[in-house]
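Source file: input37.pdb. Holds: PDB, C-alpha atoms.
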```pdb
ATOM      1  CA  MET P   1     -97.260-119.203  14.045
ATOM      2  CA  LEU P   2     -95.752-115.994  15.431
ATOM      3  CA  LYS P   3     -97.761-116.513  18.608
ATOM      4  CA  LEU P   4     -96.221-119.978  19.058
ATOM      5  CA  LEU P   5     -92.709-118.678  18.378
ATOM      6  CA  LEU P   6     -93.085-115.889  20.938
ATOM      7  CA  LEU P   7     -94.463-118.371  23.474
ATOM      8  CA  GLY P   8     -91.463-120.644  22.915
ATOM      9  CA  ILE P   9     -88.972-117.797  23.316
ATOM     10  CA  GLY P  10     -90.793-116.602  26.425
ATOM     11  CA  LEU P  11     -90.685-120.057  28.004
ATOM     12  CA  LEU P  12     -87.005-120.415  27.138
ATOM     13  CA  LEU P  13     -86.151-117.089  28.777
ATOM     14  CA  PHE P  14     -88.298-117.906  31.810
ATOM     15  CA  PHE P  15     -86.607-121.240  32.505
ATOM     16  CA  GLU P  16     -83.123-119.867  31.774
ATOM     17  CA  GLY P  17     -83.738-117.052  34.248
ATOM     18  CA  LEU P  18     -85.115-119.481  36.815
ATOM     19  CA  LEU P  19     -82.046-121.687  36.476
ATOM     20  CA  TYR P  20     -79.602-118.799  36.941
ATOM     21  CA  PHE P  21     -81.646-117.418  39.837
ATOM     22  CA  PHE P  22     -81.431-120.653  41.814
ATOM     23  CA  LEU P  23     -77.804-121.421  40.876
ATOM     24  CA  ALA P  24     -76.414-117.891  41.281
ATOM     25  CA  GLY P  25     -74.195-118.825  44.243
ATOM     26  CA  LYS P  26     -72.763-121.917  42.585
ATOM     27  CA  LEU P  27     -72.383-120.512  39.083
ATOM     28  CA  LYS P  28     -68.605-119.957  39.283
ATOM     29  CA  SER P  29     -67.861-123.502  40.425
ATOM     30  CA  LEU P  30     -70.289-124.846  37.831
ATOM     31  CA  PHE P  31     -68.422-123.041  35.040
ATOM     32  CA  GLU P  32     -65.087-124.261  36.391
ATOM     33  CA  GLN P  33     -66.346-127.858  36.329
ATOM     34  CA  LEU P  34     -67.712-127.325  32.838
ATOM     35  CA  SER P  35     -64.332-126.089  31.607
ATOM     36  CA  MET P  36     -62.824-129.455  32.606
ATOM     37  CA  VAL P  37     -65.252-131.432  30.418
ATOM     38  CA  ASP P  38     -64.053-132.603  27.012
ATOM     39  CA  PRO P  39     -65.465-130.309  24.279
ATOM     40  CA  GLN P  40     -66.439-133.353  22.186
ATOM     41  CA  LYS P  41     -68.738-134.565  25.005
ATOM     42  CA  ILE P  42     -70.375-131.135  25.137
ATOM     43  CA  LYS P  43     -70.902-131.219  21.362
ATOM     44  CA  THR P  44     -72.397-134.721  21.556
ATOM     45  CA  ILE P  45     -74.815-133.748  24.327
ATOM     46  CA  SER P  46     -75.765-130.564  22.445
ATOM     47  CA  LEU P  47     -76.410-132.538  19.257
ATOM     48  CA  MET P  48     -78.653-134.987  21.131
ATOM     49  CA  MET P  49     -80.590-132.074  22.641
ATOM     50  CA  LEU P  50     -80.994-130.517  19.176
ATOM     51  CA  ILE P  51     -82.316-133.778  17.735
ATOM     52  CA  ILE P  52     -84.735-134.336  20.628
ATOM     53  CA  GLY P  53     -85.969-130.730  20.363
ATOM     54  CA  ALA P  54     -86.455-131.005  16.601
ATOM     55  CA  CYS P  55     -88.361-134.285  17.050
ATOM     56  CA  LEU P  56     -90.608-132.699  19.680
ATOM     57  CA  ILE P  57     -91.386-129.788  17.387
ATOM     58  CA  TYR P  58     -91.996-132.084  14.403
ATOM     59  CA  PHE P  59     -94.295-134.476  16.246
ATOM     60  CA  THR P  60     -96.169-131.647  17.951
ATOM     61  CA  PHE P  61     -97.026-130.127  14.574
ATOM     62  CA  ARG P  62     -97.720-133.558  13.085
ATOM     63  CA  LEU P  63    -100.099-134.619  15.881
ATOM     64  CA  TYR P  64    -101.805-131.314  16.613
ATOM     65  CA  GLY P  65    -101.623-129.606  13.265
ATOM     66  CA  GLU P  66    -101.014-125.911  12.921
ATOM     67  CA  LEU P  67    -101.178-124.355  16.378
TER      68      LEU P  67
END
```
Any chance you could put this one into structure tokens?
Amino acid sequence: MLKLLLLGIGLLLFFEGLLYFFLAGKLKSLFEQLSMVDPQKIKTISLMMLIIGACLIYFTFRLYGEL
């Protein structure tokens, strides 16, 4: 289980770093645009992402058993 958790954290950090690497020049304008978005929309999108992520984790363990 620890192996799977470390793999997940490693993949998260890898893709976060990749995203910031490719968007480094446009990061300021991206944050400015994000500050104009309604906070309720951001919360709604975040909640949907949480639910989808939890479902993926649940069904992965359900289908493949203990990894």
Hey, could you pull the box centre and edge lengths for range 44-62 of chain P, axis-aligned, 3 Å padding per side, all listed atoms, to one decimal in Å, as AutoDock Vina command-line options?
```
--center_x -85.1 --center_y -132.4 --center_z 18.7 --size_x 31.3 --size_y 11.2 --size_z 17.2
```
*Go ahead and compute the interatomic distance for CA of Leu11 in chain P and CA of Leu30 in chain P, in Å to one decimal.*
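Calculated distance between CA of Leu11 in chain P and CA of Leu30 in chain P is 23.1 Å.
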_To one decimal place in Å, what is the distance between CA of Ser29 in chain P and CA of Ile9 in chain P?_
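For CA of Ser29 in chain P relative to CA of Ile9 in chain P, the distance reads 27.8 Å.
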*Which residue, P:Phe61, P:Tyr20, P:Phe31, P:Phe15, has the smallest gap to Met1 in chain P when you use only C-alpha atoms?*
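Of P:Phe61, P:Tyr20, P:Phe31, P:Phe15, the one nearest Met1 in chain P is P:Phe61, counting only C-alpha atoms.
In this structure, CA of Leu4 in chain P sits 11.7 Å away from CA of Thr60 in chain P.
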